[in-house]
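Q: I am sharing data_24.txt, which consists of compact mmCIF, C-alpha atoms:
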```
# COMPACT_ATOMS: atom_id res chain seq x y z
CA MET E 33 -0.63 -19.29 66.95
CA ARG E 34 -3.27 -16.58 67.06
CA ASN E 35 -5.67 -14.96 64.64
CA LEU E 36 -4.50 -11.54 63.53
CA THR E 37 -6.90 -8.63 63.98
CA ASP E 38 -8.37 -6.80 60.98
CA ILE E 39 -6.19 -3.77 61.75
CA GLU E 40 -3.07 -5.96 61.80
CA LEU E 41 -4.05 -7.58 58.51
CA GLN E 42 -4.63 -4.17 56.95
CA THR E 43 -1.21 -3.04 58.22
CA ILE E 44 0.42 -6.08 56.59
CA LYS E 45 -1.42 -5.46 53.32
CA GLY E 46 -0.39 -1.81 53.35
CA THR E 47 3.25 -2.77 53.92
CA ILE E 48 3.22 -5.28 51.08
CA VAL E 49 1.36 -3.02 48.63
CA ARG E 50 4.13 -0.42 49.11
CA LYS E 51 6.55 -2.92 47.58
CA GLU E 52 4.65 -2.52 44.27
CA ILE E 53 4.68 -6.22 43.46
CA SER E 54 2.85 -6.84 40.18
CA SER E 55 3.01 -10.64 40.15
CA ALA E 56 -0.04 -12.14 41.87
CA GLU E 57 1.84 -15.38 42.60
CA ILE E 58 4.69 -13.56 44.35
CA LEU E 59 2.29 -11.27 46.19
CA MET E 60 0.22 -14.13 47.58
CA GLU E 61 3.33 -16.00 48.67
CA VAL E 62 4.86 -12.99 50.42
CA TYR E 63 1.53 -12.14 52.09
CA ASP E 64 1.09 -15.72 53.30
CA HIS E 65 4.64 -15.70 54.67
CA TYR E 66 4.02 -12.46 56.57
CA VAL E 67 0.73 -13.64 58.06
CA SER E 68 2.04 -17.14 58.93
CA HIS E 69 5.05 -15.59 60.69
CA LEU E 70 3.18 -12.88 62.56
CA GLN E 71 0.55 -15.32 63.78
CA GLU E 72 3.28 -16.98 65.84
CA PHE E 73 3.80 -13.85 67.93
CA GLY E 74 1.71 -11.88 70.38
CA GLU E 75 0.20 -8.46 69.73
CA ASP E 76 3.05 -6.76 71.61
CA ASP E 77 5.66 -8.15 69.24
CA PHE E 78 3.67 -7.38 66.07
CA ASP E 79 5.43 -4.15 65.09
CA ASP E 80 8.93 -5.48 65.77
CA GLN E 81 8.30 -8.68 63.86
CA LEU E 82 6.74 -6.81 60.96
CA GLU E 83 9.79 -4.60 60.78
CA GLU E 84 12.04 -7.65 60.86
CA LEU E 85 10.11 -9.20 57.96
CA ASP E 86 10.31 -5.94 56.05
CA GLU E 87 14.09 -6.02 56.36
CA LYS E 88 14.08 -9.46 54.74
CA PHE E 89 11.47 -8.78 52.07
CA THR E 90 12.85 -5.49 50.86
CA TYR E 91 11.57 -3.70 47.75
CA GLY E 92 14.68 -4.80 45.85
CA TYR E 93 14.43 -8.41 46.98
CA CYS E 94 10.74 -8.67 46.02
CA HIS E 95 11.38 -7.21 42.56
CA ALA E 96 14.39 -9.47 41.96
CA LEU E 97 12.32 -12.47 43.05
CA GLN E 98 9.51 -11.38 40.74
CA ALA E 99 11.83 -10.84 37.75
CA LYS E 100 13.44 -14.26 38.22
CA PHE E 101 10.04 -15.92 38.65
CA ASN E 102 8.68 -14.28 35.48
CA LYS E 103 11.74 -15.43 33.55
CA ASP E 104 11.45 -19.00 34.87
CA ILE E 105 7.74 -19.08 34.02
CA ARG E 106 8.39 -18.25 30.35
CA LYS E 107 10.94 -21.04 30.17
CA GLU E 108 8.64 -23.45 32.00
CA ILE E 109 5.68 -22.83 29.67
CA GLY E 110 7.85 -23.56 26.63
CA VAL E 111 9.24 -26.75 28.16
CA LEU E 112 5.79 -27.87 29.31
CA GLN E 113 4.25 -27.28 25.87
CA TRP E 114 6.96 -29.34 24.22
CA LYS E 115 6.42 -32.11 26.82
CA VAL E 116 2.69 -32.12 26.03
CA VAL E 117 3.42 -32.43 22.30
CA LYS E 118 5.79 -35.35 22.95
CA LYS E 119 3.25 -37.00 25.28
CA ASN E 120 0.64 -36.88 22.52
CA LEU E 121 3.02 -38.60 20.14
CA CYS E 122 3.51 -41.58 22.45
CA LEU E 123 2.27 -45.06 21.45
CA SER E 124 -1.01 -44.99 23.38
CA ARG E 125 -2.17 -41.81 21.66
CA ILE E 126 -0.54 -42.18 18.27
CA LEU E 127 -3.70 -43.74 16.77
CA TYR E 128 -5.72 -40.61 17.58
CA VAL E 129 -2.98 -38.42 16.14
CA LEU E 130 -2.77 -40.53 12.98
CA GLY E 131 -6.55 -40.43 12.63
CA PHE E 132 -6.48 -36.66 12.98
CA ILE E 133 -3.70 -36.36 10.37
CA MET E 134 -5.64 -38.58 7.94
CA ILE E 135 -8.78 -36.45 8.32
CA ALA E 136 -6.72 -33.28 7.79
CA PHE E 137 -5.14 -34.67 4.61
CA TYR E 138 -8.52 -35.91 3.38
CA LEU E 139 -9.98 -32.42 3.86
CA GLY E 140 -6.81 -30.99 2.31
CA SER E 141 -7.29 -33.10 -0.80
CA ASN E 142 -10.63 -31.33 -1.37
CA VAL E 143 -9.01 -27.91 -1.34
CA LYS E 144 -9.43 -26.46 -4.81
CA ASN E 145 -8.45 -22.82 -4.60
CA GLU E 146 -6.60 -20.25 -2.51
CA LYS E 147 -9.75 -19.30 -0.59
CA GLU E 148 -10.35 -22.86 0.64
CA GLY E 149 -6.62 -23.24 1.36
CA ALA E 150 -6.64 -20.10 3.46
CA ILE E 151 -9.74 -21.22 5.38
CA MET E 152 -8.11 -24.54 6.20
CA MET E 153 -4.90 -22.91 7.37
CA VAL E 154 -6.64 -20.25 9.44
CA ALA E 155 -9.19 -22.62 11.04
CA PRO E 156 -7.03 -23.44 14.12
CA LEU E 157 -6.67 -19.70 14.77
CA LEU E 158 -10.42 -19.42 15.27
CA ILE E 159 -10.17 -21.92 18.11
CA LEU E 160 -7.23 -19.96 19.49
CA THR E 161 -9.20 -16.70 19.38
CA VAL E 162 -12.17 -18.22 21.22
CA PHE E 163 -9.78 -19.76 23.75
CA HIS E 164 -8.05 -16.40 24.21
CA ILE E 165 -11.36 -14.71 25.07
CA TYR E 166 -12.17 -17.47 27.57
CA PHE E 167 -8.65 -17.19 29.03
CA LEU E 168 -9.00 -13.41 29.50
CA PHE E 169 -12.36 -13.85 31.19
CA LYS E 170 -11.17 -16.63 33.51
CA SER E 171 -7.92 -14.97 34.57
CA SER E 172 -9.56 -11.60 35.23
CA ARG E 173 -12.12 -13.34 37.46
CA ARG E 174 -9.44 -15.20 39.39
CA ILE E 175 -7.33 -12.11 39.97
CA LYS E 176 -10.27 -9.84 40.82
CA LYS E 177 -10.67 -11.19 44.36
CA MET E 178 -7.00 -10.67 45.13
CA LYS E 179 -7.04 -7.13 43.75
CA GLU E 180 -10.02 -6.31 45.94
CA SER E 181 -8.51 -7.93 49.00
CA MET E 182 -5.20 -6.13 48.65
CA SER E 183 -6.78 -2.87 47.39
CA GLN E 184 -4.11 -3.21 44.75
CA ALA E 185 -3.87 -1.10 41.63
CA SER E 186 -4.71 -2.62 38.26
CA SER E 187 -1.05 -3.55 37.64
CA LEU E 188 -1.49 -6.78 39.60
CA GLN E 189 -1.53 -9.75 37.25
CA SER E 190 -0.60 -13.40 37.25
CA SER E 191 2.99 -13.98 36.15
CA LEU E 192 1.64 -16.46 33.62
CA PHE E 193 -0.80 -14.02 32.04
CA TYR E 194 1.55 -12.26 29.60
CA PRO E 195 3.56 -15.32 28.51
CA PHE E 196 0.28 -17.12 27.75
CA SER E 197 -1.30 -14.10 26.07
CA GLU E 198 1.73 -13.68 23.81
CA ARG E 199 1.60 -17.33 22.77
CA MET E 200 -2.08 -16.98 21.92
CA TYR E 201 -1.87 -13.58 20.29
CA LEU E 202 1.20 -14.02 18.07
CA PRO E 203 -0.21 -16.71 15.73
CA VAL E 204 -3.47 -14.73 15.42
CA ILE E 205 -1.68 -11.58 14.23
CA MET E 206 0.00 -13.79 11.64
CA ALA E 207 -3.40 -14.60 10.08
CA TYR E 208 -2.92 -12.00 7.32
CA SER E 209 0.45 -13.56 6.38
CA ILE E 210 -1.18 -17.00 6.30
CA VAL E 211 -3.87 -15.78 3.88
CA TRP E 212 -1.17 -14.14 1.74
CA PHE E 213 0.81 -17.41 1.75
CA ALA E 214 -2.31 -19.34 0.65
CA ASP E 215 -2.63 -16.98 -2.36
CA LEU E 216 1.06 -17.46 -3.14
CA MET E 217 0.80 -21.27 -2.99
CA PHE E 218 -1.81 -21.39 -5.71
CA ASP E 219 -0.11 -18.71 -7.82
CA VAL E 220 3.35 -20.25 -7.95
CA GLN E 221 3.42 -23.15 -10.41
CA VAL E 222 5.85 -25.30 -8.39
CA LEU E 223 3.74 -25.02 -5.22
CA SER E 224 0.26 -25.19 -6.72
CA ASN E 225 0.47 -28.96 -7.30
CA ILE E 226 1.17 -29.65 -3.65
CA ALA E 227 -0.79 -26.69 -2.23
CA PRO E 228 -3.54 -28.87 -0.65
CA GLN E 229 -0.89 -30.96 1.13
CA ILE E 230 0.93 -27.83 2.33
CA ALA E 231 -2.37 -26.40 3.64
CA ALA E 232 -3.14 -29.66 5.46
CA THR E 233 0.37 -29.86 7.00
CA PHE E 234 0.22 -26.23 8.08
CA SER E 235 -3.21 -26.75 9.61
CA ILE E 236 -2.03 -29.87 11.50
CA LEU E 237 0.99 -28.05 12.95
CA LEU E 238 -1.15 -25.12 14.02
CA PHE E 239 -3.73 -27.45 15.58
CA ILE E 240 -1.00 -29.22 17.55
CA TYR E 241 0.26 -25.83 18.75
CA VAL E 242 -3.22 -24.71 19.82
CA ILE E 243 -4.18 -27.97 21.54
CA SER E 244 -0.85 -28.24 23.39
CA LEU E 245 -1.18 -24.62 24.58
CA MET E 246 -4.69 -25.31 25.85
CA GLU E 247 -3.43 -28.36 27.72
CA VAL E 248 -0.59 -26.37 29.30
CA TRP E 249 -3.14 -23.78 30.45
CA LYS E 250 -5.27 -26.57 31.91
CA ILE E 251 -2.27 -27.82 33.90
CA LYS E 252 -1.07 -24.39 35.04
CA SER E 253 -4.54 -23.05 35.89
CA LYS E 254 -4.65 -25.54 38.76
CA THR E 255 -1.47 -24.13 40.29
CA SER E 256 -1.57 -20.43 39.48
CA LEU E 257 -3.95 -17.53 39.10
CA ILE E 258 -4.84 -17.81 35.39
CA MET G 178 25.88 -19.58 64.52
CA SER G 179 25.75 -18.41 60.93
CA ASN G 180 25.50 -21.33 58.54
CA ASN G 181 24.23 -19.41 55.53
CA ASN G 182 27.25 -19.98 53.32
CA LEU G 183 27.42 -23.67 54.21
CA ILE G 184 23.70 -24.16 53.61
CA LYS G 185 23.64 -22.43 50.24
CA GLY G 186 24.94 -25.38 48.22
CA SER G 187 22.68 -27.92 49.87
CA LEU G 188 19.46 -25.93 50.08
CA GLN G 189 17.81 -27.68 47.13
CA THR G 190 18.62 -31.09 48.63
CA ILE G 191 17.16 -30.02 51.97
CA ILE G 192 13.96 -28.83 50.32
CA LEU G 193 13.59 -31.99 48.24
CA LYS G 194 14.23 -34.22 51.27
CA LEU G 195 11.71 -32.35 53.43
CA LEU G 196 9.09 -32.59 50.71
CA GLU G 197 9.76 -36.29 50.32
CA GLU G 198 8.96 -36.76 54.00
CA ASN G 199 6.11 -34.29 54.30
CA GLU G 200 4.28 -34.73 50.98
CA ARG G 201 3.42 -31.02 50.63
CA MET G 202 4.62 -27.86 52.37
CA TYR G 203 4.42 -24.10 51.98
CA GLY G 204 7.35 -21.69 52.15
CA TYR G 205 7.06 -20.55 55.75
CA GLU G 206 6.46 -24.13 56.90
CA ILE G 207 9.77 -25.21 55.36
CA THR G 208 11.72 -22.54 57.26
CA GLN G 209 10.03 -23.57 60.50
CA LYS G 210 10.59 -27.28 59.92
CA VAL G 211 14.33 -26.77 59.36
CA LYS G 212 14.51 -24.60 62.48
CA GLU G 213 12.66 -27.26 64.48
CA LEU G 214 14.75 -30.21 63.22
CA THR G 215 18.04 -28.43 63.95
CA ALA G 216 16.90 -26.85 67.21
CA GLY G 217 17.34 -23.42 65.66
CA GLU G 218 20.96 -24.06 64.60
CA ILE G 219 20.13 -23.78 60.92
CA LYS G 220 17.87 -21.04 59.68
CA ILE G 221 16.88 -20.94 56.06
CA THR G 222 16.61 -17.35 54.98
CA GLU G 223 13.65 -16.23 52.94
CA GLY G 224 16.13 -14.61 50.57
CA ALA G 225 17.40 -18.04 49.56
CA LEU G 226 14.30 -20.17 50.07
CA TYR G 227 11.85 -18.69 47.56
CA PRO G 228 14.29 -18.43 44.62
CA ALA G 229 15.27 -22.06 45.29
CA LEU G 230 11.63 -23.19 45.37
CA HIS G 231 10.84 -21.33 42.15
CA LYS G 232 13.93 -22.78 40.47
CA LEU G 233 12.95 -26.33 41.45
CA GLU G 234 9.43 -25.67 40.19
CA ALA G 235 10.72 -24.34 36.86
CA ASP G 236 13.00 -27.38 36.53
CA GLY G 237 9.97 -29.62 36.87
CA LEU G 238 11.08 -31.16 40.18
CA LEU G 239 8.30 -29.52 42.20
CA THR G 240 4.67 -28.97 41.48
CA THR G 241 2.41 -26.51 43.24
CA GLU G 242 -1.19 -26.23 44.27
CA ILE G 243 -3.00 -23.23 45.66
CA GLU G 244 -5.48 -23.37 48.47
CA GLN G 245 -7.62 -20.84 50.26
CA VAL G 246 -6.56 -20.58 53.92
CA ASP G 247 -8.17 -18.01 56.27
CA ASN G 248 -9.06 -15.55 53.51
CA ARG G 249 -5.69 -15.77 51.82
CA VAL G 250 -4.20 -17.95 49.12
CA ARG G 251 -1.49 -20.38 50.12
CA LYS G 252 0.88 -22.04 47.68
CA TYR G 253 1.84 -25.61 48.55
CA TYR G 254 4.85 -27.34 47.01
CA SER G 255 5.16 -31.07 46.45
CA LEU G 256 7.49 -33.38 44.55
CA THR G 257 6.84 -34.38 40.95
CA LYS G 258 7.83 -37.84 39.71
CA ASP G 259 11.09 -36.35 38.45
CA GLY G 260 11.57 -34.69 41.84
CA GLN G 261 11.10 -38.00 43.65
CA LYS G 262 13.82 -39.54 41.49
CA GLU G 263 16.08 -36.55 42.04
CA VAL G 264 15.90 -36.78 45.87
CA ASN G 265 17.94 -39.99 45.99
CA SER G 266 20.66 -38.78 43.67
CA LYS G 267 20.89 -35.41 45.44
CA MET G 268 21.07 -37.15 48.83
CA ALA G 269 23.79 -39.54 47.66
CA GLU G 270 25.72 -36.59 46.25
CA LEU G 271 25.46 -34.64 49.50
CA GLN G 272 26.33 -37.62 51.68
CA GLY G 273 29.38 -38.33 49.52
CA PHE G 274 30.42 -34.70 49.90
CA VAL G 275 30.00 -34.80 53.70
CA GLU G 276 32.09 -37.99 53.91
CA ASN G 277 34.85 -36.43 51.84
CA LEU G 278 34.73 -33.33 53.99
CA GLN G 279 35.11 -35.54 57.07
CA ARG G 280 38.20 -37.14 55.55
CA ILE G 281 39.74 -33.72 54.96
CA LEU G 282 38.88 -32.36 58.38
CA ASN G 283 39.72 -35.57 60.22
CA PRO G 284 42.24 -37.67 58.24
CA THR G 285 42.08 -40.52 60.77
CA TRP G 286 38.35 -40.93 60.00
CA ASN G 287 38.29 -43.05 56.88
CA PRO G 288 35.24 -45.30 56.71
CA GLY G 289 34.66 -47.01 53.41
CA LEU G 290 38.23 -46.51 52.21
CA THR G 291 40.30 -49.63 51.67
```
Before anything else, please render the file you have as C-alpha cells.
A:
Amino acid sequence: MRNLTDIELQTIKGTIVRKEISSAEILMEVYDHYVSHLQEFGEDDFDDQLEELDEKFTYGYCHALQAKFNKDIRKEIGVLQWKVVKKNLCLSRILYVLGFIMIAFYLGSNVKNEKEGAIMMVAPLLILTVFHIYFLFKSSRRIKKMKESMSQASSLQSSLFYPFSERMYLPVIMAYSIVWFADLMFDVQVLSNIAPQIAATFSILLFIYVISLMEVWKIKSKTSLI
Amino acid sequence: MSNNNLIKGSLQTIILKLLEENERMYGYEITQKVKELTAGEIKITEGALYPALHKLEADGLLTTEIEQVDNRVRKYYSLTKDGQKEVNSKMAELQGFVENLQRILNPTWNPGLT
C-alpha cells in the first residue's frame, strides 16, 4: 500500500465529480473505494486501474445506487422514528410519559378560549422550528468540508437532508390549519365542551412526533453527514 | 471462474458472516477479505456489494459509523443486535441449501438422511 500523490488524488476527484453524484454518503463511499483500491497499486498501474474502476462505477451505476439509497433512507427514517416512539412507551419510561401526559392535560384544563387552545397546540412547532434551524446549521457545516475537498457544486447534500427537512417542515406549514382548527373547536357547540382535552391530546401527539424526530436525528447524525 | 450468479443469492449471508467475525469493515475491505479467503476464486463485485450493504443497513441489520481516514471519510459497517441474531438463521439456511444441493449433484452423498 502506498500514499497517493496530490495529482493522483485530484485525478480521482475529477473522475468522480464527473459522475454528478449529489448524495454525500454515496460520494464519500465511492471516493474511499477508489482511493483504497488505487493505493494497492504502483504509480505505473494507476491509469489502468482507474479506468477499470470507472468501468465498474459508471455514471448509470452511481445514479442507480444513489436513487436506491435515497429511497431506503426515507423508509429507514420512518421505521426508526416509529421504533423510538415504541421504545419510549416501554415499561421503564412509561412513568415519564404518563407524567408528561398528566402535565399536558393539567395545562389543557386551564385553556379557556381559542387563543389559548391554539397556543397549546402550536407550542411543539416552536421547538420544531428552532430544531430545524439548528439542523440546517449543523448539516451545512458538516457538508462544507466535503464540498471544498471535492470542489463539488452546491448540489452535494446528505441523502438524509431532504427526508429530515420534509418531516420538520410539513408540520410547521400546517400551523395555520392548527390555529383555524382551534377556532373551530371553540365555535362548534359539540366540540367546545371537550376543546381543552382535544388541545392537550393534539399537543401531546405533536410533542411525541417532535421528540422522536429529534432522537432519530441524534442517532443518524453519528452515522451520516447531517 | 465466474461465480457471480452463484454468489448473488448468498451475498447478504457472506457480508453478515464477515462482519460477525471482523466486528466492523468498510466496503473495499469486504471485497478484499472475500478475495483473500477464497484465494481469488470468488470476487464480490462493487455493483452487488454496495446495494446489498445499503439494503442490510435499511433493514436494521447493519449500523454504520463514519471516520476520518487520511483526509477522507470512511464508512464502517457493523452488525446491530438484530443483525447478530440474523447471522445464525442466514447461515443455517445457506448450509441447508448447500447440503440439499450436494444431494442433488451427488445422490450417493446423503449425510443426515435416515
Q: Just the number, please: distance in Å from atom CA of Val117 of chain E to atom CA of Ala56 of chain E, one decimal.
A: 28.4 Å
Q: Would you mind listing what lies within 10 Å of Ser181 of chain E as a list in words, with only C-alpha atoms counted and same-chain residues fewer than 6 positions away left out?
A: Gln42 and Lys45 of chain E; Asn248 and Arg249 of chain G
Q: Specify as a PyMOL selection string all residues of chain G found within 10 Å of chain E, counting only C-alpha atoms.
A: chain G and resi 203-206+209+222-225+227-228+231-237+240-244+246-254
Q: Of the residues G:Lys185, G:Lys220, G:Arg201, G:Lys267, which is the one nearest to Ser255 of chain G, using only C-alpha atoms?
A: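 The answer is G:Arg201, which sits nearest to Ser255 of chain G.
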Q: State, in Å with one decimal place, the distance from atom CA of Leu70 of chain E to atom CA of Lys176 of chain E.
A: 25.7 Å
Q: Rounded to one decimal, what separation in Å do you get between atom CA of Leu214 of chain G and atom CA of Glu84 of chain E?
A: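 Spanning atom CA of Leu214 of chain G to atom CA of Glu84 of chain E is a straight-line distance of 22.8 Å.
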Q: List as a PyMOL selection string the protein and nucleic acid residues near segment 206-208 of chain E, meaning an atom at most 10 Å away when only C-alpha atoms are counted, but skip any in the same chain fewer than 2 places from it.
A: chain E and resi 150+153-155+157-158+201-204+210-214
